[in-house]
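Shown below: input.pdb, with PDB, C-alpha atoms.
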ATOM      1  CA  MET U 743      24.415  85.741  66.058
ATOM      2  CA  PHE U 744      26.978  87.496  63.863
ATOM      3  CA  SER U 745      25.762  90.044  61.351
ATOM      4  CA  TYR U 746      26.894  90.078  57.735
ATOM      5  CA  SER U 747      29.640  92.611  58.453
ATOM      6  CA  ASN U 748      31.043  90.333  61.135
ATOM      7  CA  TRP U 749      31.063  87.363  58.783
ATOM      8  CA  SER U 750      32.859  89.554  56.263
ATOM      9  CA  VAL U 751      35.822  89.388  58.655
ATOM     10  CA  LEU U 752      36.138  85.714  57.719
ATOM     11  CA  THR U 753      36.086  86.662  54.035
ATOM     12  CA  VAL U 754      38.919  89.127  54.663
ATOM     13  CA  ASN U 755      40.934  86.397  56.380
ATOM     14  CA  PHE U 756      40.316  84.070  53.443
ATOM     15  CA  LEU U 757      41.558  86.642  50.943
ATOM     16  CA  VAL U 758      44.658  87.435  53.000
ATOM     17  CA  VAL U 759      45.605  83.762  53.383
ATOM     18  CA  LEU U 760      44.843  83.057  49.728
ATOM     19  CA  TYR U 761      47.019  85.872  48.389
ATOM     20  CA  LEU U 762      49.897  85.003  50.686
ATOM     21  CA  ALA U 763      49.764  81.480  49.247
ATOM     22  CA  LEU U 764      49.456  82.799  45.690
ATOM     23  CA  GLY U 765      52.122  85.467  46.074
ATOM     24  CA  GLY U 766      55.006  83.190  47.042
ATOM     25  CA  VAL U 767      55.123  81.134  43.868
ATOM     26  CA  THR U 768      54.108  84.112  41.727
ATOM     27  CA  LEU U 769      57.035  86.190  42.974
ATOM     28  CA  SER U 770      59.455  83.292  42.470
ATOM     29  CA  ALA U 771      58.169  82.763  38.926
ATOM     30  CA  VAL U 772      58.362  86.441  37.984
ATOM     31  CA  LEU U 773      61.868  86.850  39.383
ATOM     32  CA  HIS U 774      62.944  83.809  37.388
ATOM     33  CA  LEU U 775      61.369  85.092  34.165
ATOM     34  CA  VAL U 776      63.060  88.501  34.429
ATOM     35  CA  GLY U 777      66.398  86.955  35.424
ATOM     36  CA  ALA U 778      66.683  88.657  38.817
ATOM     37  CA  ARG U 779      69.776  87.284  40.531
ATOM     38  CA  TRP U 780      68.486  88.072  44.006
ATOM     39  CA  ARG U 781      65.772  85.467  43.520
ATOM     40  CA  TYR U 782      68.182  82.878  44.912
ATOM     41  CA  GLU U 783      67.930  84.637  48.278
ATOM     42  CA  VAL U 784      64.154  84.314  48.607
ATOM     43  CA  ARG U 785      62.701  81.846  46.093
ATOM     44  CA  PHE U 786      62.439  78.785  48.365
ATOM     45  CA  LEU U 787      61.362  80.856  51.344
ATOM     46  CA  ALA U 788      58.640  82.622  49.346
ATOM     47  CA  SER U 789      57.325  79.474  47.678
ATOM     48  CA  SER U 790      57.052  77.754  51.074
ATOM     49  CA  LEU U 791      53.917  79.842  51.631
ATOM     50  CA  PHE U 792      52.233  77.279  49.390
ATOM     51  CA  ALA U 793      51.588  75.545  52.721
ATOM     52  CA  LEU U 794      48.756  78.036  53.316
ATOM     53  CA  PHE U 795      46.642  76.673  50.451
ATOM     54  CA  PRO U 796      44.925  73.946  52.550
ATOM     55  CA  LEU U 797      43.878  76.610  55.060
ATOM     56  CA  ALA U 798      42.626  78.853  52.254
ATOM     57  CA  PHE U 799      40.644  75.923  50.818
ATOM     58  CA  VAL U 800      38.950  75.196  54.159
ATOM     59  CA  LEU U 801      38.035  78.881  54.558
ATOM     60  CA  LEU U 802      36.667  78.903  51.002
ATOM     61  CA  VAL U 803      34.432  75.912  51.721
ATOM     62  CA  ILE U 804      33.101  77.552  54.900
ATOM     63  CA  LEU U 805      32.302  80.748  53.005
ATOM     64  CA  LEU U 806      30.609  78.879  50.163
ATOM     65  CA  VAL U 807      28.523  76.789  52.553
ATOM     66  CA  ASN U 808      27.382  79.954  54.358
ATOM     67  CA  GLY U 809      25.658  81.065  51.174
ATOM     68  CA  GLU U 810      23.586  84.175  51.931
ATOM     69  CA  THR U 811      25.781  85.133  54.854
ATOM     70  CA  THR U 812      28.816  85.401  52.594
ATOM     71  CA  PHE U 813      27.084  86.576  49.428
ATOM     72  CA  PRO U 814      24.250  89.019  50.215
ATOM     73  CA  TRP U 815      23.152  89.105  46.575
ATOM     74  CA  LEU U 816      21.585  85.668  47.120
ATOM     75  CA  LYS U 817      18.849  87.319  49.190
ATOM     76  CA  ALA U 818      18.919  90.787  47.594
ATOM     77  CA  THR U 819      15.521  92.377  46.981
ATOM     78  CA  GLY U 820      14.246  95.595  45.449
ATOM     79  CA  GLU U 821      16.696  97.743  43.499
ATOM     80  CA  HIS U 822      19.702  95.748  44.754
ATOM     81  CA  ALA U 823      18.258  92.574  43.232
ATOM     82  CA  HIS U 824      19.111  93.821  39.739
ATOM     83  CA  HIS U 825      21.899  91.615  38.427
ATOM     84  CA  HIS U 826      23.823  93.293  35.635
ATOM     85  CA  ILE U 827      25.532  89.947  34.922
ATOM     86  CA  PRO U 828      22.822  87.402  35.828
ATOM     87  CA  ALA U 829      24.751  84.410  34.480
ATOM     88  CA  TRP U 830      27.580  85.204  36.891
ATOM     89  CA  HIS U 831      25.185  85.503  39.833
ATOM     90  CA  ASN U 832      24.415  81.814  39.873
ATOM     91  CA  TYR U 833      25.209  79.979  43.090
ATOM     92  CA  THR U 834      25.941  76.611  41.500
ATOM     93  CA  PHE U 835      28.269  78.237  38.984
ATOM     94  CA  LEU U 836      29.876  80.232  41.807
ATOM     95  CA  VAL U 837      30.709  77.139  43.876
ATOM     96  CA  THR U 838      31.943  75.232  40.833
ATOM     97  CA  ARG U 839      34.259  77.927  39.514
ATOM     98  CA  GLU U 840      35.706  78.741  42.924
ATOM     99  CA  ILE U 841      36.457  75.127  43.851
ATOM    100  CA  LEU U 842      37.862  74.185  40.445
ATOM    101  CA  GLY U 843      39.745  77.471  40.166
ATOM    102  CA  MET U 844      41.592  76.975  43.434
ATOM    103  CA  LEU U 845      42.385  73.332  42.679
ATOM    104  CA  ALA U 846      43.777  74.292  39.268
ATOM    105  CA  VAL U 847      45.979  77.035  40.737
ATOM    106  CA  MET U 848      47.192  74.717  43.493
ATOM    107  CA  ALA U 849      48.162  72.128  40.883
ATOM    108  CA  ILE U 850      50.117  74.672  38.818
ATOM    109  CA  HIS U 851      51.924  75.980  41.889
ATOM    110  CA  TRP U 852      52.736  72.470  43.107
ATOM    111  CA  VAL U 853      54.290  71.568  39.753
ATOM    112  CA  PHE U 854      56.276  74.826  39.864
ATOM    113  CA  ILE U 855      57.670  74.027  43.308
ATOM    114  CA  LYS U 856      58.630  70.501  42.298
ATOM    115  CA  ARG U 857      60.386  71.672  39.140
ATOM    116  CA  GLN U 858      62.061  74.574  40.907
ATOM    117  CA  ALA U 859      63.684  72.148  43.332
ATOM    118  CA  VAL U 860      65.458  70.332  40.461
ATOM    119  CA  SER U 861      65.744  73.205  37.976
ATOM    120  CA  GLU U 862      69.531  73.225  38.124
ATOM    121  CA  ARG U 863      69.974  69.478  37.712
ATOM    122  CA  SER U 864      70.078  69.492  33.906
ATOM    123  CA  GLU U 865      69.168  71.593  30.864
ATOM    124  CA  GLU U 866      65.986  69.556  30.399
ATOM    125  CA  ASP U 867      64.922  70.253  33.971
ATOM    126  CA  ALA U 868      65.684  73.958  33.523
ATOM    127  CA  ALA U 869      63.534  74.077  30.380
ATOM    128  CA  ARG U 870      60.622  72.306  32.083
ATOM    129  CA  PHE U 871      60.884  74.678  35.021
ATOM    130  CA  HIS U 872      60.880  77.706  32.713
ATOM    131  CA  ASN U 873      57.764  76.420  30.922
ATOM    132  CA  ILE U 874      55.714  76.108  34.105
ATOM    133  CA  ALA U 875      57.025  79.477  35.341
ATOM    134  CA  CYS U 876      55.515  81.097  32.236
ATOM    135  CA  TRP U 877      52.060  79.885  33.260
ATOM    136  CA  VAL U 878      52.145  81.167  36.838
ATOM    137  CA  PRO U 879      51.593  84.926  36.132
ATOM    138  CA  TYR U 880      48.670  84.096  33.836
ATOM    139  CA  ALA U 881      47.114  81.921  36.529
ATOM    140  CA  TYR U 882      47.558  84.686  39.101
ATOM    141  CA  VAL U 883      45.889  87.357  36.972
ATOM    142  CA  LEU U 884      42.990  85.214  35.742
ATOM    143  CA  TYR U 885      42.270  83.576  39.084
ATOM    144  CA  GLY U 886      42.783  86.831  40.980
ATOM    145  CA  THR U 887      40.271  88.571  38.730
ATOM    146  CA  MET U 888      37.686  85.860  39.358
ATOM    147  CA  VAL U 889      38.222  86.086  43.126
ATOM    148  CA  ALA U 890      37.937  89.892  42.974
ATOM    149  CA  TRP U 891      34.607  89.639  41.194
ATOM    150  CA  ASP U 892      33.131  86.949  43.436
ATOM    151  CA  PHE U 893      34.195  88.213  46.852
ATOM    152  CA  GLU U 894      34.185  91.978  46.383
ATOM    153  CA  MET U 895      33.028  93.574  43.150
ATOM    154  CA  THR U 896      29.745  91.709  42.565
ATOM    155  CA  MET U 897      28.761  91.604  46.247
ATOM    156  CA  LEU U 898      26.359  94.374  45.254
ATOM    157  CA  PRO U 899      24.732  92.998  42.077
ATOM    158  CA  SER U 900      24.163  96.419  40.469
ATOM    159  CA  TRP U 901      27.740  97.661  41.003
ATOM    160  CA  HIS U 902      30.637  97.058  38.653
ATOM    161  CA  SER U 903      33.987  98.471  37.604
ATOM    162  CA  ALA U 904      36.065  97.512  34.581
ATOM    163  CA  ILE U 905      39.349  97.984  36.467
ATOM    164  CA  TYR U 906      38.421  96.515  39.834
ATOM    165  CA  GLY U 907      39.906  93.082  39.193
ATOM    166  CA  MET U 908      43.309  94.625  38.491
ATOM    167  CA  GLN U 909      43.092  96.928  41.497
ATOM    168  CA  HIS U 910      42.273  93.938  43.691
ATOM    169  CA  PHE U 911      45.164  91.645  42.779
ATOM    170  CA  VAL U 912      47.659  94.520  42.522
ATOM    171  CA  SER U 913      46.747  95.584  46.055
ATOM    172  CA  ASN U 914      47.046  92.060  47.420
ATOM    173  CA  PHE U 915      50.386  91.419  45.752
ATOM    174  CA  GLY U 916      51.676  94.599  47.383
ATOM    175  CA  MET U 917      50.442  93.220  50.698
ATOM    176  CA  PHE U 918      52.273  89.953  50.029
ATOM    177  CA  LEU U 919      55.548  91.816  49.389
ATOM    178  CA  ALA U 920      55.081  93.693  52.652
ATOM    179  CA  PHE U 921      54.411  90.456  54.523
ATOM    180  CA  LEU U 922      57.521  88.840  53.051
ATOM    181  CA  VAL U 923      59.640  91.778  54.222
ATOM    182  CA  ILE U 924      58.379  91.491  57.804
ATOM    183  CA  TRP U 925      58.619  87.705  57.757
ATOM    184  CA  ILE U 926      62.221  87.732  56.535
ATOM    185  CA  TYR U 927      63.093  90.453  59.047
ATOM    186  CA  ALA U 928      61.653  88.371  61.894
ATOM    187  CA  LEU U 929      63.443  85.186  60.814
ATOM    188  CA  ASN U 930      66.744  86.991  60.280
ATOM    189  CA  SER U 931      66.524  88.855  63.583
ATOM    190  CA  ARG U 932      65.906  85.648  65.505
ATOM    191  CA  ASN U 933      68.618  83.782  63.576
ATOM    192  CA  LYS U 934      66.161  81.092  62.512
ATOM    193  CA  LEU U 935      67.202  80.668  58.868
ATOM    194  CA  VAL U 936      69.805  78.107  57.855
ATOM    195  CA  ARG U 937      70.925  80.569  55.201
ATOM    196  CA  PRO U 938      70.055  84.141  56.291
ATOM    197  CA  VAL U 939      68.722  86.523  53.651
ATOM    198  CA  GLU U 940      71.266  89.194  52.723
ATOM    199  CA  THR U 941      70.517  92.781  53.778
ATOM    200  CA  TYR U 942      70.683  94.184  50.225
ATOM    201  CA  VAL U 943      67.492  92.260  49.380
ATOM    202  CA  TYR U 944      65.414  94.695  51.445
ATOM    203  CA  ASN U 945      66.241  97.431  48.928
ATOM    204  CA  TYR U 946      64.785  95.352  46.102
ATOM    205  CA  PHE U 947      61.661  94.693  48.128
ATOM    206  CA  ALA U 948      61.393  98.412  48.913
ATOM    207  CA  GLN U 949      61.568  99.253  45.210
ATOM    208  CA  MET U 950      58.885  96.692  44.404
ATOM    209  CA  MET U 951      56.622  97.944  47.192
ATOM    210  CA  PHE U 952      57.087 101.481  45.889
ATOM    211  CA  ALA U 953      56.177 100.360  42.367
ATOM    212  CA  PHE U 954      53.057  98.521  43.529
ATOM    213  CA  THR U 955      52.066 101.494  45.685
ATOM    214  CA  LEU U 956      52.088 103.680  42.576
ATOM    215  CA  LEU U 957      50.262 101.034  40.544
ATOM    216  CA  TRP U 958      47.636 100.645  43.251
ATOM    217  CA  ILE U 959      46.936 104.380  43.556
ATOM    218  CA  TYR U 960      46.743 104.604  39.758
ATOM    219  CA  THR U 961      44.116 101.866  39.513
ATOM    220  CA  PHE U 962      42.304 103.216  42.577
ATOM    221  CA  PHE U 963      42.100 106.778  41.259
ATOM    222  CA  ALA U 964      41.288 105.687  37.693
ATOM    223  CA  GLN U 965      38.267 103.831  39.068
ATOM    224  CA  TYR U 966      37.320 106.580  41.531
ATOM    225  CA  LEU U 967      37.594 109.367  38.930
ATOM    226  CA  THR U 968      35.435 107.473  36.435
ATOM    227  CA  ILE U 969      32.727 106.843  39.031
ATOM    228  CA  TRP U 970      32.840 110.423  40.325
ATOM    229  CA  TYR U 971      32.786 111.980  36.844
ATOM    230  CA  GLY U 972      29.963 109.734  35.596
ATOM    231  CA  ASN U 973      27.935 110.418  38.767
ATOM    232  CA  LEU U 974      25.694 107.409  38.120
ATOM    233  CA  PRO U 975      23.719 106.412  41.240
ATOM    234  CA  ALA U 976      24.327 102.696  40.673
ATOM    235  CA  GLU U 977      28.076 103.299  40.891
ATOM    236  CA  THR U 978      28.445 106.213  43.305
ATOM    237  CA  VAL U 979      26.186 104.918  46.095
ATOM    238  CA  ARG U 980      28.551 102.136  47.171
ATOM    239  CA  VAL U 981      31.687 104.276  47.094
ATOM    240  CA  MET U 982      30.119 107.244  48.872
ATOM    241  CA  ALA U 983      28.662 104.980  51.558
ATOM    242  CA  MET U 984      32.166 103.744  52.355
ATOM    243  CA  GLN U 985      33.814 107.145  52.070
ATOM    244  CA  ASN U 986      31.246 109.192  53.981
ATOM    245  CA  GLY U 987      29.297 106.640  56.026
ATOM    246  CA  ASP U 988      30.125 104.331  58.928
ATOM    247  CA  TYR U 989      33.368 103.313  57.225
ATOM    248  CA  THR U 990      34.816 106.819  56.850
ATOM    249  CA  PHE U 991      37.678 106.283  59.303
ATOM    250  CA  ILE U 992      38.673 102.949  57.745
ATOM    251  CA  TRP U 993      38.421 104.406  54.231
ATOM    252  CA  TRP U 994      40.694 107.408  54.816
ATOM    253  CA  SER U 995      43.064 105.379  56.999
ATOM    254  CA  MET U 996      43.423 103.024  54.043
ATOM    255  CA  ILE U 997      44.540 105.918  51.808
ATOM    256  CA  VAL U 998      47.089 107.102  54.352
ATOM    257  CA  LEU U 999      48.463 103.653  55.155
ATOM    258  CA  LYS U1000      48.574 102.308  51.594
ATOM    259  CA  PHE U1001      49.631 105.427  49.707
ATOM    260  CA  VAL U1002      50.656 108.495  51.728
ATOM    261  CA  ILE U1003      53.085 106.750  54.092
ATOM    262  CA  PRO U1004      54.628 104.303  51.568
ATOM    263  CA  PHE U1005      54.992 106.991  48.876
ATOM    264  CA  THR U1006      56.536 109.655  51.080
ATOM    265  CA  MET U1007      58.986 107.204  52.655
ATOM    266  CA  LEU U1008      59.959 104.931  49.776
ATOM    267  CA  ALA U1009      60.479 107.808  47.351
ATOM    268  CA  PHE U1010      63.850 108.449  49.018
ATOM    269  CA  PRO U1011      66.842 106.092  48.585
ATOM    270  CA  VAL U1012      67.934 106.509  52.200
ATOM    271  CA  THR U1013      64.650 104.943  53.354
ATOM    272  CA  ARG U1014      64.794 102.118  50.838
ATOM    273  CA  HIS U1015      68.261 101.184  52.077
ATOM    274  CA  SER U1016      67.144 101.114  55.708
ATOM    275  CA  VAL U1017      65.942  97.724  56.918
ATOM    276  CA  GLN U1018      63.978  99.225  59.818
ATOM    277  CA  ALA U1019      62.302 101.902  57.650
ATOM    278  CA  THR U1020      61.388  99.367  54.973
ATOM    279  CA  THR U1021      59.896  97.075  57.610
ATOM    280  CA  ALA U1022      57.880  99.966  59.059
ATOM    281  CA  VAL U1023      56.477 100.804  55.624
ATOM    282  CA  ALA U1024      55.627  97.131  55.090
ATOM    283  CA  THR U1025      53.638  97.152  58.337
ATOM    284  CA  SER U1026      51.715 100.207  57.148
ATOM    285  CA  ILE U1027      50.871  98.532  53.828
ATOM    286  CA  ILE U1028      49.586  95.375  55.513
ATOM    287  CA  ILE U1029      47.297  97.261  57.893
ATOM    288  CA  GLY U1030      46.060  99.456  55.054
ATOM    289  CA  THR U1031      45.279  96.399  52.926
ATOM    290  CA  LEU U1032      43.334  94.779  55.766
ATOM    291  CA  PHE U1033      41.280  97.979  56.026
ATOM    292  CA  GLU U1034      40.788  97.989  52.262
ATOM    293  CA  ARG U1035      39.562  94.415  52.121
ATOM    294  CA  TYR U1036      37.126  94.919  55.000
ATOM    295  CA  VAL U1037      35.675  98.197  53.741
ATOM    296  CA  TRP U1038      34.944  96.758  50.275
ATOM    297  CA  ILE U1039      33.317  93.624  51.693
ATOM    298  CA  GLY U1040      31.628  94.879  54.848
ATOM    299  CA  GLY U1041      30.647  98.158  53.189
ATOM    300  CA  VAL U1042      28.061  96.415  51.037
ATOM    301  CA  LYS U1043      25.615  96.705  53.915
ATOM    302  CA  ASP U1044      24.860  99.609  56.239
ATOM    303  CA  GLY U1045      26.485  99.440  59.642
ATOM    304  CA  VAL U1046      29.759  97.874  60.719
ATOM    305  CA  GLY U1047      28.356  94.811  62.448
ATOM    306  CA  THR U1048      27.604  93.981  66.045
ATOM    307  CA  TYR U1049      31.114  93.037  67.178
ATOM    308  CA  PRO U1050      33.426  93.714  64.198
ATOM    309  CA  ILE U1051      36.562  94.441  66.235
ATOM    310  CA  LEU U1052      36.088  91.410  68.485
ATOM    311  CA  ALA U1053      35.337  89.221  65.468
ATOM    312  CA  ALA U1054      38.440  90.506  63.675
ATOM    313  CA  ILE U1055      40.669  89.736  66.675
ATOM    314  CA  VAL U1056      39.252  86.275  67.369
ATOM    315  CA  VAL U1057      38.946  85.056  63.775
ATOM    316  CA  GLY U1058      42.216  86.660  62.703
ATOM    317  CA  GLY U1059      44.037  85.175  65.686
ATOM    318  CA  VAL U1060      42.780  81.645  65.034
ATOM    319  CA  VAL U1061      43.552  81.807  61.303
ATOM    320  CA  ALA U1062      47.004  83.319  61.913
ATOM    321  CA  THR U1063      47.872  80.617  64.451
ATOM    322  CA  ILE U1064      46.886  77.790  62.098
ATOM    323  CA  GLY U1065      48.763  79.443  59.235
ATOM    324  CA  PHE U1066      51.865  79.856  61.401
ATOM    325  CA  PHE U1067      52.075  76.149  62.200
ATOM    326  CA  LEU U1068      51.400  75.103  58.591
ATOM    327  CA  VAL U1069      54.213  77.296  57.268
ATOM    328  CA  ARG U1070      56.579  76.323  60.066
ATOM    329  CA  MET U1071      56.101  72.646  59.264
ATOM    330  CA  ARG U1072      56.825  73.400  55.619
ATOM    331  CA  LEU U1073      59.987  75.305  56.503
ATOM    332  CA  GLN U1074      61.165  72.477  58.721
ATOM    333  CA  SER U1075      60.451  69.784  56.135
ATOM    334  CA  THR U1076      62.424  71.718  53.498
ATOM    335  CA  GLN U1077      65.216  72.441  56.010
ATOM    336  CA  LEU U1078      65.059  76.204  55.512
ATOM    337  CA  VAL U1079      65.023  76.896  59.242
ATOM    338  CA  LYS U1080      67.199  75.596  62.044
ATOM    339  CA  GLY U1081      65.955  72.779  64.214
TER
END
Once you've parsed the file, please lay out its structure as structure tokens.
Amino acid sequence: MFSYSNWSVLTVNFLVVLYLALGGVTLSAVLHLVGARWRYEVRFLASSLFALFPLAFVLLVILLVNGETTFPWLKATGEHAHHHIPAWHNYTFLVTREILGMLAVMAIHWVFIKRQAVSERSEEDAARFHNIACWVPYAYVLYGTMVAWDFEMTMLPSWHSAIYGMQHFVSNFGMFLAFLVIWIYALNSRNKLVRPVETYVYNYFAQMMFAFTLLWIYTFFAQYLTIWYGNLPAETVRVMAMQNGDYTFIWWSMIVLKFVIPFTMLAFPVTRHSVQATTAVATSIIIGTLFERYVWIGGVKDGVGTYPILAAIVVGGVVATIGFFLVRMRLQSTQLVKG
């Protein structure tokens, strides 16, 4: 029988799939709102990741049905049973807000995709498209904050951080950018796209990854410094257990992969203009984010599980395979890829 830390692997997979689905439309909307001309190179490709939402929904249902296995606060006793936000730690409310929240975001993203497809047909269509694009960033921030609270921050009922929600969705959007870089590189290299993405786009992605690397380390250190300086047991215990306990290697690897490597490489223009270097940095960010998600979820409980590596490989492989076919079908139906 899998331990909690092994089941947390499924939670990590859910969050990865969810933010890949969220990130595609969010990036397209933001690029439209700021008037970025290079959006025409990636907007349909990025928004095609909407196809991952059904998979994310199925994973969400599995996690919600698991109850105590997914959310240890349901069976917390002793000092960990103290709920600093008791109204939030309500299972019925949890299931309701998560289901309705995802359905609402899916609806907004679906409308965005439909209006984006005809946005250049007339001035009225362009105006309607712009209106829905304005709602997408708000949906991302509000929904991302709720997900951060439910699946990471409030896993330990007595622990909280005012900036954690922001750190969570900033980190995952950086991961999405990294994924998009590798995905585009793979499609371009194999000559799969009907209209290949131009090479200059990698520089824009590199700049965005650099910006989100700096934003992530800012939110990370702002939270860490506050907890360290306050030295309150309710706040320091969780962080120190991850930093100095069984998760030490994952914790420090996360810092190296998500900050040290991206910062030292992307700070130089020559690296940002190199497709291979940018792709290498993107790989580092993705691995670092996977470590980050697991350490914050699995680190709630002592020990790293019975078979965490095996569980990560098996569950991750199955989820990745399903996601691959869903996205490929979407790309084929929208005629973005050959064949």
Write out, as JSON lines, each residue of range 997-1075 of chain U that has an atom at most 7 Å from range 882-902 of chain U, together with the closest pair of atoms and their distance in Å to one decimal, counting only C-alpha atoms, rows going by chain and rising number.
{"residue": "U:Trp1038", "atom": "CA", "partner": "U:Glu894", "partner_atom": "CA", "distance": 6.2}
{"residue": "U:Ile1039", "atom": "CA", "partner": "U:Glu894", "partner_atom": "CA", "distance": 5.6}
{"residue": "U:Val1042", "atom": "CA", "partner": "U:Leu898", "partner_atom": "CA", "distance": 6.4}
Which residues come within 12 Å of range 1018-1022 of chain U, counting only C-alpha atoms, excluding same-chain residues fewer than 5 positions away, as an NGL selection string?
-> :U and (919-928 or 931 or 941-952 or 999 or 1003-1013 or 1027-1029)
Carefully work through the PyMOL selection byres ((chain U and resi 752) around 12) for this structure and note down the residues it includes, as an NGL selection string.
-> :U and (744-751 or 753-759 or 798 or 800-806 or 808 or 811-812 or 893 or 1032 or 1035-1036 or 1039-1040 or 1050 or 1053-1062)
Restricting to all atoms listed in the file, whichever of U:Gly809, U:Gly1041, U:Pro796, U:Gly1030 is closest to Asn914 in chain U is U:Gly1030
For this file, the PyMOL selection byres ((chain U and resi 766-781) around 7) selects which residues, as a PyMOL selection string?
-> chain U and resi 762-765+782-785+788-789+791-792+851+875+878-879+943
Please write the residues picked by the PyMOL selection byres ((chain U and resi 961) around 9) on this file as a list in words.
->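 Applied to this file, the PyMOL selection byres ((chain U and resi 961) around 9) selects Ile905, Tyr906, Met908, Gln909, Val912, Leu956, Leu957, Trp958, Ile959, Tyr960, Phe962, Phe963, Ala964, Gln965 and Tyr966 of chain U.
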